[in-house]
$ cat model.txt   # compact mmCIF, C-alpha atoms
# COMPACT_ATOMS: atom_id res chain seq x y z
CA MET D 160 0.13 -15.70 -12.40
CA ASN D 161 0.19 -11.99 -13.25
CA ILE D 162 3.64 -10.47 -12.71
CA ALA D 163 4.44 -6.77 -12.97
CA MET D 164 8.07 -5.75 -13.51
CA LEU D 165 8.91 -2.19 -12.45
CA ALA D 166 11.10 -0.45 -15.03
CA TYR D 167 12.55 2.93 -14.05
CA PRO D 168 15.35 5.29 -15.17
CA ASN D 169 18.83 3.71 -14.96
CA CYS D 170 17.50 0.31 -13.93
CA LEU D 171 19.45 -2.73 -15.09
CA ALA D 172 17.48 -3.98 -18.07
CA SER D 173 19.29 -7.32 -18.04
CA GLU D 174 17.86 -8.10 -14.60
CA LEU D 175 14.36 -7.46 -15.91
CA PHE D 176 14.77 -9.37 -19.16
CA GLY D 177 16.85 -12.17 -17.62
CA PHE D 178 14.00 -12.95 -15.23
CA CYS D 179 11.36 -12.48 -17.92
CA ASP D 180 13.22 -14.67 -20.43
CA SER D 181 13.78 -17.40 -17.84
CA LEU D 182 10.00 -17.69 -17.40
CA LEU D 183 9.46 -17.53 -21.17
CA ILE D 184 11.96 -20.34 -21.82
CA ALA D 185 10.42 -22.38 -19.02
CA GLU D 186 6.99 -22.03 -20.58
CA ARG D 187 8.29 -23.03 -24.02
CA LEU D 188 9.98 -26.09 -22.51
CA ALA D 189 6.74 -27.05 -20.78
CA HIS D 190 4.85 -26.74 -24.07
CA THR D 191 7.41 -28.57 -26.23
CA VAL D 192 8.73 -31.30 -23.94
CA LEU D 193 5.89 -31.89 -21.50
CA LYS D 194 3.03 -31.01 -23.88
CA ASP D 195 1.65 -28.70 -21.19
CA THR D 196 -0.06 -25.87 -23.06
CA ARG D 197 -1.31 -23.97 -20.02
CA ARG D 198 -0.03 -20.41 -19.70
CA LEU D 199 1.71 -20.06 -16.37
CA PHE D 200 2.75 -16.40 -16.30
CA ASP D 201 1.59 -13.10 -17.74
CA VAL D 202 4.59 -10.78 -17.34
CA ARG D 203 4.27 -7.06 -18.06
CA MET D 204 6.83 -4.25 -17.96
CA ILE D 205 5.32 -1.28 -16.13
CA GLY D 206 6.42 2.14 -14.86
CA VAL D 207 5.06 4.96 -12.74
CA ALA D 208 4.70 7.46 -15.61
CA GLY D 209 5.02 7.74 -19.37
CA ARG D 210 5.17 5.10 -22.08
CA SER D 211 8.85 4.25 -21.78
CA VAL D 212 11.92 4.62 -19.59
CA VAL D 213 15.63 4.78 -20.39
CA ALA D 214 17.45 2.03 -18.55
CA ALA D 215 21.17 1.81 -17.76
CA GLY D 216 23.33 2.08 -20.87
CA GLY D 217 20.75 4.19 -22.70
CA ILE D 218 18.43 1.26 -23.46
CA ARG D 219 14.85 2.40 -23.92
CA ILE D 220 12.18 0.08 -22.54
CA GLY D 221 8.58 0.35 -23.69
CA LEU D 222 6.02 0.09 -20.91
CA GLN D 223 2.81 -1.94 -20.99
CA THR D 224 -0.65 -1.50 -19.54
CA PRO D 225 -0.43 -2.76 -15.95
CA HIS D 226 -2.59 -5.56 -14.60
CA ARG D 227 -5.54 -4.42 -12.56
CA ARG D 228 -4.08 -6.32 -9.61
CA PRO D 229 -0.81 -8.22 -10.16
CA ASP D 230 0.10 -11.25 -8.07
CA LEU D 231 3.70 -10.04 -7.73
CA LEU D 232 5.69 -6.84 -8.33
CA VAL D 233 9.34 -7.40 -9.28
CA VAL D 234 11.90 -4.61 -8.76
CA PRO D 235 15.36 -4.75 -10.42
CA GLY D 236 18.57 -3.08 -9.33
CA PHE D 237 20.13 0.05 -10.84
CA GLU D 238 23.42 1.25 -12.27
CA PHE D 239 25.97 3.15 -10.17
CA GLY D 240 29.73 3.54 -10.08
CA ARG D 241 30.51 4.02 -6.39
CA MET D 242 28.66 3.31 -3.16
CA ALA D 243 28.39 7.06 -2.58
CA GLU D 244 26.15 7.28 -5.66
CA ILE D 245 23.45 4.98 -4.27
CA ARG D 246 21.70 7.54 -2.07
CA PRO D 247 21.56 10.26 -4.77
CA ARG D 248 20.15 7.73 -7.25
CA LEU D 249 17.46 6.68 -4.80
CA GLN D 250 16.48 10.30 -4.22
CA THR D 251 15.51 10.53 -7.90
CA LEU D 252 13.17 7.54 -7.54
CA THR D 253 10.71 8.79 -4.93
CA ARG D 254 7.70 8.14 -7.20
CA GLU D 255 8.83 4.55 -7.65
CA THR D 256 9.41 3.94 -3.94
CA ARG D 257 6.04 5.45 -3.07
CA SER D 258 4.44 3.14 -5.64
CA ILE D 259 6.24 0.13 -4.13
CA ALA D 260 5.01 1.04 -0.65
CA SER D 261 1.45 1.53 -1.92
CA THR D 262 1.54 -1.78 -3.79
CA PHE D 263 2.57 -3.67 -0.68
CA GLN D 264 -0.07 -1.90 1.42
CA ARG D 265 -2.64 -3.27 -1.03
CA GLY D 266 -1.51 -6.79 -0.09
CA ILE D 267 0.52 -7.48 -3.25
CA PRO D 268 3.78 -9.40 -2.68
CA LEU D 269 7.08 -7.85 -3.74
CA ALA D 270 10.33 -9.26 -5.08
CA ALA D 271 13.65 -7.45 -5.50
CA ILE D 272 16.51 -8.60 -7.71
CA CYS D 273 19.99 -7.68 -6.51
CA GLY D 274 20.17 -3.92 -5.74
CA GLY D 275 16.40 -3.62 -6.09
CA ALA D 276 16.41 -4.24 -2.34
CA PHE D 277 17.45 -0.60 -1.87
CA LEU D 278 14.17 0.58 -3.37
CA LEU D 279 12.30 -1.75 -1.03
CA GLY D 280 14.33 -0.30 1.83
CA GLU D 281 13.39 3.22 0.76
CA ALA D 282 9.75 2.15 0.64
CA GLY D 283 10.04 1.06 4.28
CA VAL D 284 8.93 -2.50 3.65
CA LEU D 285 12.16 -4.19 4.82
CA ASN D 286 11.85 -2.96 8.40
CA GLY D 287 11.97 -5.95 10.74
CA ARG D 288 12.38 -8.37 7.86
CA ARG D 289 15.25 -10.58 6.75
CA ALA D 290 16.72 -9.36 3.47
CA ALA D 291 19.31 -10.32 0.86
CA THR D 292 21.11 -8.44 -1.87
CA ALA D 293 24.38 -8.82 -3.76
CA TRP D 294 27.17 -9.70 -1.31
CA LEU D 295 29.09 -6.61 -2.38
CA LEU D 296 26.12 -4.38 -1.44
CA ALA D 297 25.03 -6.09 1.77
CA ALA D 298 26.97 -3.87 4.18
CA GLU D 299 25.66 -0.72 2.48
CA LEU D 300 22.08 -2.01 2.57
CA ALA D 301 22.44 -2.72 6.29
CA ARG D 302 23.94 0.73 6.88
CA CYS D 303 21.17 2.52 4.95
CA TYR D 304 18.34 0.52 6.53
CA PRO D 305 19.38 -0.59 10.03
CA ALA D 306 15.87 -1.88 10.78
CA ALA D 307 16.31 -4.51 8.04
CA LEU D 308 17.89 -7.84 8.99
CA VAL D 309 20.41 -8.14 6.15
CA GLU D 310 21.97 -11.57 5.59
CA PRO D 311 25.10 -10.99 3.43
CA GLU D 312 25.57 -14.60 2.32
CA ALA D 313 21.95 -15.43 1.52
CA MET D 314 21.06 -16.05 -2.12
CA PHE D 315 17.29 -15.91 -1.66
CA ILE D 316 15.02 -14.86 1.22
CA GLU D 317 11.24 -14.83 1.47
CA ASP D 318 9.89 -13.05 4.55
CA GLY D 319 6.30 -11.98 5.01
CA GLY D 320 5.36 -11.50 1.38
CA ILE D 321 8.67 -9.92 0.39
CA ILE D 322 11.35 -11.75 -1.62
CA THR D 323 14.89 -10.43 -1.89
CA THR D 324 17.65 -12.09 -3.88
CA GLY D 325 21.41 -12.06 -4.26
CA ALA D 326 23.55 -10.82 -7.09
CA PHE D 327 23.07 -9.97 -10.76
CA SER D 328 21.94 -13.39 -12.06
CA SER D 329 19.53 -14.10 -9.21
CA GLY D 330 16.51 -13.23 -11.34
CA PHE D 331 16.97 -16.83 -12.48
CA ASP D 332 16.64 -18.01 -8.88
CA LEU D 333 13.42 -16.02 -8.57
CA ALA D 334 12.06 -17.62 -11.75
CA VAL D 335 12.93 -21.11 -10.44
CA TYR D 336 11.21 -20.31 -7.13
CA LEU D 337 8.01 -19.29 -8.91
CA LEU D 338 8.09 -22.43 -11.05
CA ARG D 339 8.37 -24.57 -7.94
CA GLN D 340 5.52 -22.65 -6.33
CA LYS D 341 3.47 -23.58 -9.39
CA ASP D 342 4.48 -27.24 -8.91
CA ARG D 343 6.68 -27.16 -12.01
CA ARG D 344 9.82 -28.68 -10.49
CA GLN D 345 10.57 -30.71 -13.62
CA VAL D 346 10.51 -27.54 -15.72
CA ALA D 347 12.78 -25.82 -13.19
CA GLN D 348 15.27 -28.66 -13.56
CA MET D 349 15.13 -28.51 -17.35
CA ILE D 350 15.74 -24.77 -17.52
CA SER D 351 18.68 -25.15 -15.14
CA ARG D 352 20.32 -27.67 -17.46
CA MET D 353 19.55 -25.60 -20.54
CA THR D 354 20.91 -22.31 -19.19
CA PHE D 355 23.90 -23.79 -17.30
CA LEU D 356 22.65 -22.05 -14.13
CA ASP D 357 22.47 -23.89 -10.83
CA ALA D 358 18.90 -24.14 -9.55
CA GLN D 359 20.14 -25.41 -6.17
CA ARG D 360 22.48 -22.58 -5.14
CA LYS D 361 21.69 -21.44 -1.63
CA SER D 362 24.51 -19.12 -0.62
CA GLN D 363 26.69 -16.35 -2.04
CA ALA D 364 29.53 -17.27 0.34
CA PRO D 365 31.61 -19.15 -2.27
CA PHE D 366 31.67 -16.04 -4.47
CA ALA D 367 32.19 -13.32 -1.86
CA ASP D 368 35.50 -11.44 -1.82
CA ALA D 369 36.19 -9.97 1.61
CA GLU D 370 38.78 -7.56 0.23
CA MET D 371 36.25 -6.05 -2.17
CA MET D 372 33.75 -5.68 0.68
CA GLU D 373 36.27 -3.88 2.89
CA ARG D 374 35.01 -0.48 4.05
CA SER D 375 36.47 2.14 6.34
CA ASN D 376 34.51 2.17 9.59
CA GLY D 377 36.78 4.50 11.54
CA PRO D 378 40.48 5.21 12.18
CA PHE D 379 40.82 2.91 15.19
CA SER D 380 39.18 -0.15 13.64
CA ASP D 381 40.98 0.49 10.33
CA ALA D 382 44.32 0.34 12.14
CA VAL D 383 43.32 -2.83 14.00
CA LYS D 384 42.18 -4.47 10.77
CA HIS D 385 45.45 -3.64 9.05
CA TRP D 386 47.41 -5.08 12.00
CA LEU D 387 45.39 -8.31 11.87
CA ARG D 388 45.69 -8.69 8.09
CA GLN D 389 49.47 -8.46 8.35
CA ARG D 390 49.50 -11.33 10.86
CA LEU D 391 46.96 -13.84 9.52
CA SER D 392 49.23 -16.80 10.27
CA LEU D 393 49.71 -15.92 13.95
CA ARG D 394 47.53 -17.42 16.68
CA TYR D 395 44.95 -14.85 17.75
CA SER D 396 45.62 -13.23 21.12
CA LEU D 397 43.36 -10.44 22.37
CA ALA D 398 45.94 -9.49 24.99
CA ARG D 399 48.70 -9.11 22.36
CA LEU D 400 46.39 -7.13 20.09
CA ALA D 401 45.39 -4.77 22.92
CA HIS D 402 49.03 -4.31 23.91
CA ALA D 403 49.92 -3.35 20.33
CA PHE D 404 47.42 -0.47 20.54
CA SER D 405 48.22 0.49 24.14
CA VAL D 406 44.70 -0.14 25.42
CA SER D 407 43.08 -2.72 27.66
CA PRO D 408 41.43 -5.77 26.02
CA ARG D 409 38.03 -4.52 27.17
CA THR D 410 38.62 -1.06 25.66
CA LEU D 411 39.83 -2.54 22.39
CA LEU D 412 36.73 -4.73 22.06
CA ARG D 413 34.43 -1.83 22.90
CA ARG D 414 36.02 0.61 20.46
CA PHE D 415 36.29 -1.91 17.64
CA ARG D 416 32.69 -3.06 18.05
CA ALA D 417 31.45 0.53 18.21
CA GLU D 418 32.91 1.18 14.75
CA CYS D 419 32.39 -2.22 13.10
CA ARG D 420 29.52 -3.94 14.94
CA GLU D 421 31.60 -7.10 15.27
CA SER D 422 34.58 -8.39 17.24
CA PRO D 423 38.18 -8.41 15.97
CA LEU D 424 38.13 -12.22 16.04
CA THR D 425 35.03 -12.37 13.82
CA TYR D 426 36.72 -10.01 11.37
CA LEU D 427 39.94 -12.05 11.47
CA ARG D 428 38.08 -15.30 10.73
CA ARG D 429 36.49 -13.73 7.67
CA MET D 430 39.88 -12.51 6.42
CA ARG D 431 41.40 -15.96 6.98
CA ILE D 432 38.62 -17.65 5.03
CA ASP D 433 39.10 -15.17 2.20
CA ALA D 434 42.86 -15.73 2.16
CA ALA D 435 42.32 -19.49 2.08
CA LYS D 436 39.91 -19.17 -0.85
CA LYS D 437 42.46 -17.20 -2.84
CA LEU D 438 45.27 -19.66 -2.07
CA LEU D 439 43.08 -22.58 -3.10
CA VAL D 440 42.41 -21.19 -6.58
CA SER D 441 45.76 -19.49 -7.23
CA THR D 442 48.20 -22.14 -5.94
CA THR D 443 48.62 -25.90 -5.72
CA LEU D 444 49.52 -25.79 -2.03
CA LYS D 445 48.26 -28.65 0.08
CA VAL D 446 45.36 -27.91 2.40
CA SER D 447 47.64 -28.57 5.38
CA ILE D 448 49.98 -25.77 4.23
CA ILE D 449 47.07 -23.38 3.59
CA THR D 450 45.80 -24.24 7.07
CA GLU D 451 49.09 -23.06 8.59
CA ARG D 452 49.34 -19.95 6.42
CA THR D 453 45.89 -18.79 7.51
CA GLY D 454 46.52 -19.20 11.22
CA TYR D 455 45.05 -22.60 11.99
CA GLN D 456 46.86 -25.52 13.57
CA ASP D 457 44.43 -28.38 12.94
CA ALA D 458 43.73 -29.16 9.27
CA SER D 459 40.59 -31.18 9.99
CA ALA D 460 39.15 -28.38 12.12
CA PHE D 461 40.00 -25.90 9.34
CA VAL D 462 38.20 -28.06 6.75
CA ARG D 463 35.07 -28.20 8.93
CA MET D 464 35.13 -24.45 9.52
CA PHE D 465 35.71 -23.68 5.82
CA ASN D 466 32.83 -25.94 4.83
CA ARG D 467 30.55 -24.32 7.40
CA HIS D 468 31.27 -20.77 6.18
CA VAL D 469 31.67 -21.32 2.44
CA GLY D 470 29.37 -24.25 1.78
CA HIS D 471 32.13 -26.32 0.14
CA THR D 472 35.08 -28.28 1.43
CA PRO D 473 38.45 -26.76 0.45
CA ALA D 474 38.95 -29.52 -2.12
CA ARG D 475 35.54 -28.99 -3.69
CA TYR D 476 36.01 -25.22 -3.69
CA ARG D 477 39.36 -25.57 -5.45
CA GLN D 478 37.89 -27.93 -8.04
CA ARG D 479 34.94 -25.71 -8.80
CA PHE D 480 36.57 -22.28 -8.88
CA ARG D 481 40.03 -23.13 -10.17
CA GLU D 482 38.39 -24.28 -13.40
CA THR D 483 37.14 -20.71 -13.96
CA GLN D 484 40.56 -19.07 -13.58

$ encode --input "model.txt" --output "structure tokens"
Amino acid sequence: MNIAMLAYPNCLASELFGFCDSLLIAERLAHTVLKDTRRLFDVRMIGVAGRSVVAAGGIRIGLQTPHRRPDLLVVPGFEFGRMAEIRPRLQTLTRETRSIASTFQRGIPLAAICGGAFLLGEAGVLNGRRAATAWLLAAELARCYPAALVEPEAMFIEDGGIITTGAFSSGFDLAVYLLRQKDRRQVAQMISRMTFLDAQRKSQAPFADAEMMERSNGPFSDAVKHWLRQRLSLRYSLARLAHAFSVSPRTLLRRFRAECRESPLTYLRRMRIDAAKKLLVSTTLKVSIITERTGYQDASAFVRMFNRHVGHTPARYRQRFRETQ
């Protein structure tokens, strides 16, 4: 399989080399352990001009002669400090986004690692397609490209010849996917054990931090959000919430949805889940106490809801993530 990796100014070199090295290690394992000497992947670092590019951190990457027709083009993310810097960065990469669009028009599949999805969005290839990116960037991706169907919790999505992946380390997930496509499941399992990376992870939900994702959508919804966050333990009442802001329930829902594209209750549930996650890893409180503190009355119902949204039971989440504190 011929794979082209698009290097460009200020790209994250680790996302390129992490993916590339995952495939290299997999091939070495296949040779050494399974005695399979077939070459599975020919990976080349390419660019739109010149013989090299300077990646994030001042790392210079030498470029190679591109394949005549690659089987896949992989696009990494890029370095930025604030969300407001994303658009200006993309405006400096018009040659790259035009190349991505042209590549896809030629029938060549694309894959984006983490923030590489923004370049695919600029190229217009995410329109009408499901897409993933790092959970912290999902809302911004959806805002920039409203025709894309962004799934904030997804770790990996393949839709119509376009693959998008979750956060920083998801180049590994892409490598595992390609190994499985090549019927090398045993190698995928071996590289997972060797690198200490989970080849079965399906969702970013356990890692997401709702507070870090918080964005201002408008003065009215900001005030409502603040009011709700201060009262997580109270039973939700739309009538009480509307009364607090001197509007009718219908007006409150309309104005909040106009700014946030969701209901206050949906927002509140997300905040409650986030609060429960933090209590699970930072305290030894019983689940029944955490249930009460986050506004739920039935512990068993809370456990089911937590498992549905996070992908772990509260006990399993505490066990897994408390060990990393």

$ closest_residue --input "model.txt" --among "D:Leu337, D:Phe239, D:Ala313, D:Gln223" --to "Phe200 of chain D" --atoms "all atoms listed in the file"
D:Leu337

$ atom_distance --input "model.txt" --atom1 "atom CA of Arg374 of chain D" --atom2 "atom CA of Gly280 of chain D"
20.8 Å

$ residues_around --input "model.txt" --residues "segment 190-195 of chain D" --least-positions-apart "5" --cutoff "10 Å" --atoms "only C-alpha atoms" --output "number ranges by chain"
D: 184-185, 345-346, 349

$ residues_around --input "model.txt" --residues "Asp201 of chain D" --least-positions-apart "2" --cutoff "9 Å" --atoms "all atoms listed in the file" --output "list in words"
Met160, Asn161, Ile162, Ala163, Arg198, Leu199 and Arg203 of chain D

$ atom_distance --input "model.txt" --atom1 "atom CA of Ala214 of chain D" --atom2 "atom CA of Phe331 of chain D"
19.8 Å

$ closest_residue --input "model.txt" --among "D:Trp386, D:Met164, D:Arg210, D:Ala270" --to "Ala403 of chain D" --atoms "all atoms listed in the file"
D:Trp386

$ closest_residue --input "model.txt" --among "D:Arg481, D:Lys445, D:Arg409, D:Arg257" --to "Ala282 of chain D" --atoms "all atoms listed in the file"
D:Arg257

$ atom_distance --input "model.txt" --atom1 "atom CA of Gly454 of chain D" --atom2 "atom CA of Arg390 of chain D"
8.4 Å

$ residues_around --input "model.txt" --residues "Phe315 of chain D" --least-positions-apart "3" --cutoff "10 Å" --atoms "all atoms listed in the file" --output "number ranges by chain"
D: 271-273, 290-292, 310, 312, 322-326, 329, 332-333, 336, 360-363

$ write_last_selection --input "model.txt" --atoms "C-alpha atoms" --output "PDB file, keeping the file's coordinate frame"
ATOM      1  CA  ALA D 271      13.650  -7.450  -5.500  1.00  0.00           C
ATOM      2  CA  ILE D 272      16.510  -8.600  -7.710  1.00  0.00           C
ATOM      3  CA  CYS D 273      19.990  -7.680  -6.510  1.00  0.00           C
ATOM      4  CA  ALA D 290      16.720  -9.360   3.470  1.00  0.00           C
ATOM      5  CA  ALA D 291      19.310 -10.320   0.860  1.00  0.00           C
ATOM      6  CA  THR D 292      21.110  -8.440  -1.870  1.00  0.00           C
ATOM      7  CA  GLU D 310      21.970 -11.570   5.590  1.00  0.00           C
ATOM      8  CA  GLU D 312      25.570 -14.600   2.320  1.00  0.00           C
ATOM      9  CA  ILE D 322      11.350 -11.750  -1.620  1.00  0.00           C
ATOM     10  CA  THR D 323      14.890 -10.430  -1.890  1.00  0.00           C
ATOM     11  CA  THR D 324      17.650 -12.090  -3.880  1.00  0.00           C
ATOM     12  CA  GLY D 325      21.410 -12.060  -4.260  1.00  0.00           C
ATOM     13  CA  ALA D 326      23.550 -10.820  -7.090  1.00  0.00           C
ATOM     14  CA  SER D 329      19.530 -14.100  -9.210  1.00  0.00           C
ATOM     15  CA  ASP D 332      16.640 -18.010  -8.880  1.00  0.00           C
ATOM     16  CA  LEU D 333      13.420 -16.020  -8.570  1.00  0.00           C
ATOM     17  CA  TYR D 336      11.210 -20.310  -7.130  1.00  0.00           C
ATOM     18  CA  ARG D 360      22.480 -22.580  -5.140  1.00  0.00           C
ATOM     19  CA  LYS D 361      21.690 -21.440  -1.630  1.00  0.00           C
ATOM     20  CA  SER D 362      24.510 -19.120  -0.620  1.00  0.00           C
ATOM     21  CA  GLN D 363      26.690 -16.350  -2.040  1.00  0.00           C
TER      22      GLN D 363
END

$ residues_around --input "model.txt" --residues "Thr256 of chain D" --least-positions-apart "2" --cutoff "10 Å" --atoms "all atoms listed in the file" --output "list of chain:residue names"
D:Val207, D:Leu249, D:Gln250, D:Thr251, D:Leu252, D:Thr253, D:Arg254, D:Ser258, D:Ile259, D:Ala260, D:Ser261, D:Thr262, D:Phe277, D:Leu278, D:Leu279, D:Gly280, D:Glu281, D:Ala282, D:Gly283, D:Val284

$ residues_around --input "model.txt" --residues "segment 174-178 of chain D" --least-positions-apart "2" --cutoff "9 Å" --atoms "only C-alpha atoms" --output "list in words"
Met164, Leu165, Ala166, Cys170, Leu171, Ala172, Asp180, Ser181, Leu182, Leu183, Met204, Val233, Val234, Pro235, Gly236, Ile272, Cys273, Phe327, Ser328, Ser329, Gly330, Phe331, Asp332, Leu333 and Ala334 of chain D

$ write_last_selection --input "model.txt" --atoms "C-alpha atoms" --output "compact mmCIF listing (two decimals), in the frame of the given file"
# COMPACT_ATOMS: atom_id res chain seq x y z
CA MET D 164 8.07 -5.75 -13.51
CA LEU D 165 8.91 -2.19 -12.45
CA ALA D 166 11.10 -0.45 -15.03
CA CYS D 170 17.50 0.31 -13.93
CA LEU D 171 19.45 -2.73 -15.09
CA ALA D 172 17.48 -3.98 -18.07
CA ASP D 180 13.22 -14.67 -20.43
CA SER D 181 13.78 -17.40 -17.84
CA LEU D 182 10.00 -17.69 -17.40
CA LEU D 183 9.46 -17.53 -21.17
CA MET D 204 6.83 -4.25 -17.96
CA VAL D 233 9.34 -7.40 -9.28
CA VAL D 234 11.90 -4.61 -8.76
CA PRO D 235 15.36 -4.75 -10.42
CA GLY D 236 18.57 -3.08 -9.33
CA ILE D 272 16.51 -8.60 -7.71
CA CYS D 273 19.99 -7.68 -6.51
CA PHE D 327 23.07 -9.97 -10.76
CA SER D 328 21.94 -13.39 -12.06
CA SER D 329 19.53 -14.10 -9.21
CA GLY D 330 16.51 -13.23 -11.34
CA PHE D 331 16.97 -16.83 -12.48
CA ASP D 332 16.64 -18.01 -8.88
CA LEU D 333 13.42 -16.02 -8.57
CA ALA D 334 12.06 -17.62 -11.75
